[in-house]
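Beneath this line is the structure, given in structure tokens, with notes to follow.
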Amino acid sequence: MIMETIKLRNGVEMPIIGYGVYQVDPAECERCVSDALKVGYRMIDTAQAYNNEEGVGAAIVKSGIPRNELFIVSKVWISNYGYEKAKASIEESLKKLGTDYIDLMLLHQPFCDRYGAYRALEEAYKDGKLRAIGVSNFYPDHLIDLANNVEIPPMINQVETHVFDQQIEAQKYMEELGCQIMSWGPLAEGRNNFFTNPVLEAIGEKYGKSVAQVALRWLTQRGVIIIPKSVHMERMEQNLNIFDFTLNNEEMAEISRLDTGKSLFFDHHDPEVVKMFMGWR
């Protein structure tokens, strides 16, 4: 199986596709990650807020796969923002994951003391505890502000990215800053009748591929890193099996017209959404 990689600004290479464990029950996480590793995934994306870092760590240890063949991603939650709290939380994540280093650590949201938290990421990066650092859910204004006021600008920005919210303009700003785009929700969590979309279905029929495979391939051809999630091994395999076909320019353009330019989940500039996050500290 071909596994494409993306080279980050600091030279670190990461797989363009990984397995995401958002909303995977902590009790199920070890099994799911074990299954994902068996079918060929080598990048696992977790977060402090998912409460399943231990499951990821246990699956990795039991897999027997050499640590240097794996790419582990986690995220600092806003309740751990501020320099001291973030620093302690990185150590806690290392312990829960059972590893000496994390390949990529992100700030999970653009709220609270993100500057203090980011300083902790920079320090851990310099100490070799993190191989790469970045952010998640930072809109262009958040990202530009942070990148211009820190020592080591973010190497990754993980944002909602799928066929209905394509982040075309946001990706341009990221590229200007040498920041790689990474998608969460690449299958839109099935919203907006994703799995029965006629455009994706028609293209899928041509290649003998599913709607999900077409949508994921479209993202990777744009250079977007993806972390599709499934708790079913067969679906995990399908999501990984997207490198044996290539969408042509016409098909890429056809899918690009599905863009609504709006989130299917929440707008981080909406005051009510910000209030909601403040309640999750």
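Letters for chains follow the order of the structure tokens (A, B, ...), residue numbers begin at 1 for each chain, and ligand numbers begin at 1 in the order shown.
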Problem set entry | Residues flagged helix (DSSP H, G or I) by DSSP in stretch 59-104 of chain A, as a ChimeraX atom specification | /A:59-63,67-69,78-80,83-97
I want to know what sits within 8 Å of A:Leu247, based on only C-alpha atoms, with residues of the same chain fewer than 2 positions away left out; could you give that as a tab-separated table (two decimals) with C-alpha atoms, in the first residue's frame?
```
chain	number	residue	atom	x	y	z
A	217	ARG	CA	-9.03	11.65	-2.24
A	218	TRP	CA	-10.18	15.15	-3.19
A	245	PHE	CA	-6.92	6.47	-8.34
A	249	ASN	CA	-9.12	18.54	-13.02
A	251	GLU	CA	-13.76	16.27	-11.18
A	252	MET	CA	-11.73	18.36	-8.72
```
For this session: Find the spatial neighbours of A:Met174, counting only C-alpha atoms, within a cut-off of 8 Å - ignore same-chain residues fewer than 6 positions away - and output them as a list in words.
Result: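 The residues satisfying every condition are Pro140, Leu143, Asn157, Gln180 and Ile181 of chain A.
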For this session: Write down as a PyMOL selection string the residues belonging to stretch 64-234 of chain A that are assigned strand (DSSP E) by DSSP computed on the backbone.
Result: chain A and resi 71-76+104-107+133-136+156-160+180-184+225-226
Filtering to N, CA, C and O atoms, could you give me those residues as a CSV table (one decimal), in the first residue's frame?
```csv
chain,number,residue,atom,x,y,z
A,71,PHE,N,3.3,8.0,14.1
A,71,PHE,CA,3.2,9.5,14.2
A,71,PHE,C,2.0,9.8,15.1
A,71,PHE,O,0.9,9.5,14.7
A,72,ILE,N,2.3,10.2,16.3
A,72,ILE,CA,1.3,10.5,17.3
A,72,ILE,C,1.0,12.0,17.4
A,72,ILE,O,1.9,12.8,17.6
A,73,VAL,N,-0.3,12.3,17.3
A,73,VAL,CA,-0.8,13.7,17.4
A,73,VAL,C,-1.7,13.8,18.7
A,73,VAL,O,-2.5,13.0,18.9
A,74,SER,N,-1.4,14.9,19.5
A,74,SER,CA,-2.4,15.2,20.6
A,74,SER,C,-2.5,16.7,20.6
A,74,SER,O,-1.9,17.4,19.9
A,75,LYS,N,-3.4,17.1,21.5
A,75,LYS,CA,-3.8,18.5,21.6
A,75,LYS,C,-4.0,19.0,23.1
A,75,LYS,O,-4.5,18.2,23.9
A,76,VAL,N,-3.5,20.2,23.4
A,76,VAL,CA,-3.7,20.7,24.7
A,76,VAL,C,-5.1,21.4,24.8
A,76,VAL,O,-5.4,22.2,23.9
A,104,LEU,N,3.4,15.4,17.1
A,104,LEU,CA,2.8,16.7,16.8
A,104,LEU,C,1.9,17.1,18.0
A,104,LEU,O,1.0,16.3,18.3
A,105,MET,N,2.1,18.3,18.6
A,105,MET,CA,1.2,18.7,19.6
A,105,MET,C,0.6,20.0,19.2
A,105,MET,O,1.3,20.9,18.7
A,106,LEU,N,-0.7,20.1,19.4
A,106,LEU,CA,-1.5,21.3,18.9
A,106,LEU,C,-2.2,22.0,20.1
A,106,LEU,O,-2.5,21.3,21.1
A,107,LEU,N,-2.4,23.3,20.0
A,107,LEU,CA,-3.4,24.0,20.9
A,107,LEU,C,-4.7,23.7,20.3
A,107,LEU,O,-5.0,24.0,19.1
A,133,ILE,N,5.0,21.4,16.3
A,133,ILE,CA,3.9,22.0,17.1
A,133,ILE,C,3.0,22.8,16.2
A,133,ILE,O,3.4,23.2,15.0
A,134,GLY,N,1.8,23.1,16.6
A,134,GLY,CA,0.9,23.8,15.8
A,134,GLY,C,-0.4,24.1,16.6
A,134,GLY,O,-0.4,24.1,17.8
A,135,VAL,N,-1.5,24.4,15.9
A,135,VAL,CA,-2.7,24.8,16.5
A,135,VAL,C,-3.9,24.1,15.8
A,135,VAL,O,-3.7,23.4,14.8
A,136,SER,N,-5.1,24.3,16.4
A,136,SER,CA,-6.3,23.7,15.8
A,136,SER,C,-7.4,24.7,16.0
A,136,SER,O,-7.5,25.4,17.0
A,156,ILE,N,1.3,23.4,11.7
A,156,ILE,CA,0.1,22.8,11.3
A,156,ILE,C,-1.1,23.6,11.9
A,156,ILE,O,-1.0,24.1,13.0
A,157,ASN,N,-2.2,23.6,11.1
A,157,ASN,CA,-3.4,24.2,11.7
A,157,ASN,C,-4.5,23.2,11.3
A,157,ASN,O,-4.8,23.0,10.1
A,158,GLN,N,-5.1,22.5,12.3
A,158,GLN,CA,-6.1,21.5,12.1
A,158,GLN,C,-7.5,22.2,12.2
A,158,GLN,O,-7.8,22.7,13.3
A,159,VAL,N,-8.2,22.2,11.1
A,159,VAL,CA,-9.5,22.9,11.1
A,159,VAL,C,-10.5,22.0,10.4
A,159,VAL,O,-10.2,21.1,9.6
A,160,GLU,N,-11.8,22.3,10.6
A,160,GLU,CA,-12.9,21.6,9.9
A,160,GLU,C,-12.7,21.8,8.4
A,160,GLU,O,-12.7,23.0,7.9
A,180,GLN,N,0.9,24.0,7.4
A,180,GLN,CA,0.2,23.0,6.7
A,180,GLN,C,-1.2,22.8,7.2
A,180,GLN,O,-1.4,22.8,8.4
A,181,ILE,N,-2.1,22.7,6.3
A,181,ILE,CA,-3.5,22.5,6.7
A,181,ILE,C,-3.8,21.0,7.0
A,181,ILE,O,-3.3,20.1,6.3
A,182,MET,N,-4.5,20.8,8.0
A,182,MET,CA,-4.9,19.4,8.5
A,182,MET,C,-6.4,19.4,8.7
A,182,MET,O,-6.9,20.4,9.4
A,183,SER,N,-7.1,18.5,8.2
A,183,SER,CA,-8.6,18.4,8.3
A,183,SER,C,-9.1,17.6,9.5
A,183,SER,O,-8.6,16.5,9.7
A,184,TRP,N,-10.0,18.2,10.3
A,184,TRP,CA,-10.9,17.3,11.1
A,184,TRP,C,-12.2,17.3,10.5
A,184,TRP,O,-12.6,18.2,9.8
A,225,ILE,N,-4.0,17.2,5.0
A,225,ILE,CA,-3.8,16.0,5.8
A,225,ILE,C,-5.2,15.6,6.4
A,225,ILE,O,-5.9,16.5,6.8
A,226,ILE,N,-5.5,14.4,6.4
A,226,ILE,CA,-6.8,13.9,6.9
A,226,ILE,C,-6.8,12.9,8.0
A,226,ILE,O,-5.8,12.1,8.0
```
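The residue that comes closest to A:Thr220, out of A:Phe265, A:Tyr81, A:Tyr118, A:Phe243 and on the basis of only C-alpha atoms, is A:Phe243.
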Problem set entry | Separation of atom CA of A:Ser263 from atom CA of A:Gln238 in Å |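 Taking atom CA of A:Gln238 and atom CA of A:Ser263, their separation equals 25.7 Å.
Across A:Asn148, A:Gln23, A:Ser63, A:Thr196, the tightest approach to A:Tyr41 is made by A:Ser63 when counting only C-alpha atoms.
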Problem set entry | Residue neighbourhood stretch 57-60 of chain A, 10 Å, only C-alpha atoms, exclusion window fewer than 4 positions, as a list in words | Cys29, Glu30, Arg31, Cys32, Val33, Ser34, Asp35, Ala36, Leu37, Arg42, Ile44, Asn52, Glu53, Gly64, Ile65, Pro66, Arg67, Leu70, Ile72, Ser93, Leu94, Lys95, Lys96, Leu97, Gly98 and Thr99 of chain A
Mind dumping the selected residues with N, CA and C atoms as an mmCIF file, in the first residue's frame?
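Final file, result33.cif:
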```cif
data_model
loop_
_atom_site.group_PDB
_atom_site.id
_atom_site.type_symbol
_atom_site.label_atom_id
_atom_site.label_comp_id
_atom_site.auth_asym_id
_atom_site.auth_seq_id
_atom_site.Cartn_x
_atom_site.Cartn_y
_atom_site.Cartn_z
ATOM 1 N N CYS A 29 -11.333 2.554 22.755
ATOM 2 C CA CYS A 29 -10.244 3.193 22.019
ATOM 3 C C CYS A 29 -9.091 2.242 21.723
ATOM 4 N N GLU A 30 -8.687 1.461 22.704
ATOM 5 C CA GLU A 30 -7.550 0.556 22.487
ATOM 6 C C GLU A 30 -7.833 -0.411 21.337
ATOM 7 N N ARG A 31 -9.032 -0.997 21.325
ATOM 8 C CA ARG A 31 -9.394 -1.914 20.240
ATOM 9 C C ARG A 31 -9.399 -1.215 18.896
ATOM 10 N N CYS A 32 -10.017 -0.027 18.849
ATOM 11 C CA CYS A 32 -10.121 0.702 17.580
ATOM 12 C C CYS A 32 -8.749 1.070 17.026
ATOM 13 N N VAL A 33 -7.879 1.567 17.897
ATOM 14 C CA VAL A 33 -6.532 1.942 17.447
ATOM 15 C C VAL A 33 -5.754 0.702 17.028
ATOM 16 N N SER A 34 -5.913 -0.395 17.746
ATOM 17 C CA SER A 34 -5.251 -1.653 17.371
ATOM 18 C C SER A 34 -5.693 -2.088 15.983
ATOM 19 N N ASP A 35 -7.006 -1.988 15.721
ATOM 20 C CA ASP A 35 -7.527 -2.340 14.397
ATOM 21 C C ASP A 35 -6.961 -1.411 13.321
ATOM 22 N N ALA A 36 -6.903 -0.125 13.627
ATOM 23 C CA ALA A 36 -6.389 0.852 12.665
ATOM 24 C C ALA A 36 -4.926 0.558 12.329
ATOM 25 N N LEU A 37 -4.145 0.225 13.341
ATOM 26 C CA LEU A 37 -2.733 -0.101 13.109
ATOM 27 C C LEU A 37 -2.604 -1.377 12.276
ATOM 28 N N ARG A 42 -0.545 4.611 10.338
ATOM 29 C CA ARG A 42 0.655 4.849 11.137
ATOM 30 C C ARG A 42 0.606 6.198 11.849
ATOM 31 N N ILE A 44 -1.881 8.426 14.415
ATOM 32 C CA ILE A 44 -3.064 8.414 15.281
ATOM 33 C C ILE A 44 -3.236 9.814 15.865
ATOM 34 N N ASN A 52 -9.006 9.751 25.896
ATOM 35 C CA ASN A 52 -8.645 8.398 25.464
ATOM 36 C C ASN A 52 -7.164 8.261 25.084
ATOM 37 N N GLU A 53 -6.330 9.178 25.585
ATOM 38 C CA GLU A 53 -4.897 9.068 25.297
ATOM 39 C C GLU A 53 -4.327 7.747 25.827
ATOM 40 N N GLY A 64 3.561 -3.563 18.931
ATOM 41 C CA GLY A 64 4.921 -3.990 18.617
ATOM 42 C C GLY A 64 5.567 -3.223 17.478
ATOM 43 N N ILE A 65 4.851 -2.244 16.938
ATOM 44 C CA ILE A 65 5.394 -1.438 15.838
ATOM 45 C C ILE A 65 6.450 -0.493 16.413
ATOM 46 N N PRO A 66 7.635 -0.427 15.800
ATOM 47 C CA PRO A 66 8.668 0.488 16.308
ATOM 48 C C PRO A 66 8.132 1.909 16.416
ATOM 49 N N ARG A 67 8.468 2.580 17.509
ATOM 50 C CA ARG A 67 7.955 3.929 17.754
ATOM 51 C C ARG A 67 8.275 4.884 16.612
ATOM 52 N N LEU A 70 5.738 5.329 13.810
ATOM 53 C CA LEU A 70 4.425 5.874 14.150
ATOM 54 C C LEU A 70 4.484 7.391 14.272
ATOM 55 N N ILE A 72 2.313 10.241 16.307
ATOM 56 C CA ILE A 72 1.257 10.477 17.299
ATOM 57 C C ILE A 72 0.966 11.972 17.406
ATOM 58 N N SER A 93 0.320 14.127 29.104
ATOM 59 C CA SER A 93 0.008 13.451 27.838
ATOM 60 C C SER A 93 1.097 12.442 27.471
ATOM 61 N N LEU A 94 2.339 12.811 27.664
ATOM 62 C CA LEU A 94 3.449 11.882 27.405
ATOM 63 C C LEU A 94 3.295 10.617 28.247
ATOM 64 N N LYS A 95 2.932 10.816 29.503
ATOM 65 C CA LYS A 95 2.759 9.688 30.428
ATOM 66 C C LYS A 95 1.593 8.799 29.985
ATOM 67 N N LYS A 96 0.458 9.416 29.669
ATOM 68 C CA LYS A 96 -0.721 8.644 29.262
ATOM 69 C C LYS A 96 -0.484 7.896 27.955
ATOM 70 N N LEU A 97 0.250 8.511 27.047
ATOM 71 C CA LEU A 97 0.532 7.886 25.753
ATOM 72 C C LEU A 97 1.674 6.878 25.842
ATOM 73 N N GLY A 98 2.382 6.879 26.965
ATOM 74 C CA GLY A 98 3.464 5.922 27.166
ATOM 75 C C GLY A 98 4.626 6.115 26.217
ATOM 76 N N THR A 99 4.978 7.373 25.972
ATOM 77 C CA THR A 99 6.031 7.661 25.002
ATOM 78 C C THR A 99 6.942 8.773 25.513
#
```
Problem set entry | Selection: 7 Å around A:Val211, only C-alpha atoms, excl. self and same-chain fewer than 2 positions, as a ChimeraX atom specification | /A:195,200-201,204,209,213-215
Exercise. Counting only C-alpha atoms, which of A:Asn149, A:Val224, A:Pro154, A:Asp165 gets nearest to A:Pro15?
Worked result: A:Val224
Exercise. Which residue out of A:Leu8, A:Ile227, A:Ile102, A:Val21 has the minimum interatomic distance to A:Pro153 when only C-alpha atoms are used?
Worked result: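 Residue with the minimum atom-to-atom distance to A:Pro153: A:Leu8.
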Residue neighbourhood A:Val12, 9 Å, only C-alpha atoms, exclusion window fewer than 2 positions, as a PDB file with N, CA, C and O atoms, in the first residue's frame:
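What follows is the written file result_39.pdb:
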```pdb
ATOM      1  N   ILE A   6       3.591  14.209   3.974  1.00  0.00           N
ATOM      2  CA  ILE A   6       3.720  15.660   3.841  1.00  0.00           C
ATOM      3  C   ILE A   6       4.935  16.080   4.659  1.00  0.00           C
ATOM      4  O   ILE A   6       5.108  15.638   5.796  1.00  0.00           O
ATOM      5  N   LYS A   7       5.778  16.927   4.066  1.00  0.00           N
ATOM      6  CA  LYS A   7       6.942  17.417   4.801  1.00  0.00           C
ATOM      7  C   LYS A   7       6.607  18.768   5.422  1.00  0.00           C
ATOM      8  O   LYS A   7       6.214  19.706   4.726  1.00  0.00           O
ATOM      9  N   LEU A   8       6.752  18.852   6.740  1.00  0.00           N
ATOM     10  CA  LEU A   8       6.483  20.101   7.449  1.00  0.00           C
ATOM     11  C   LEU A   8       7.656  21.062   7.299  1.00  0.00           C
ATOM     12  O   LEU A   8       8.738  20.685   6.839  1.00  0.00           O
ATOM     13  N   ARG A   9       7.435  22.285   7.709  1.00  0.00           N
ATOM     14  CA  ARG A   9       8.436  23.341   7.537  1.00  0.00           C
ATOM     15  C   ARG A   9       9.780  23.006   8.183  1.00  0.00           C
ATOM     16  O   ARG A   9      10.832  23.437   7.719  1.00  0.00           O
ATOM     17  N   ASN A  10       9.753  22.222   9.253  1.00  0.00           N
ATOM     18  CA  ASN A  10      11.000  21.887   9.947  1.00  0.00           C
ATOM     19  C   ASN A  10      11.636  20.599   9.431  1.00  0.00           C
ATOM     20  O   ASN A  10      12.584  20.086  10.011  1.00  0.00           O
ATOM     21  N   MET A  14       5.182  13.614   7.856  1.00  0.00           N
ATOM     22  CA  MET A  14       4.051  12.952   8.502  1.00  0.00           C
ATOM     23  C   MET A  14       3.139  12.356   7.433  1.00  0.00           C
ATOM     24  O   MET A  14       3.065  12.878   6.313  1.00  0.00           O
ATOM     25  N   ASP A 103       4.805  13.338  18.340  1.00  0.00           N
ATOM     26  CA  ASP A 103       5.246  13.825  17.031  1.00  0.00           C
ATOM     27  C   ASP A 103       4.670  15.191  16.689  1.00  0.00           C
ATOM     28  O   ASP A 103       5.342  16.009  16.058  1.00  0.00           O
ATOM     29  N   ARG A 131       8.044  16.770  18.325  1.00  0.00           N
ATOM     30  CA  ARG A 131       8.781  16.869  17.059  1.00  0.00           C
ATOM     31  C   ARG A 131       8.245  18.004  16.175  1.00  0.00           C
ATOM     32  O   ARG A 131       8.947  18.484  15.295  1.00  0.00           O
ATOM     33  N   ALA A 132       7.002  18.385  16.414  1.00  0.00           N
ATOM     34  CA  ALA A 132       6.391  19.484  15.663  1.00  0.00           C
ATOM     35  C   ALA A 132       5.280  20.078  16.520  1.00  0.00           C
ATOM     36  O   ALA A 132       4.726  19.389  17.382  1.00  0.00           O
TER      37      ALA A 132
END
```
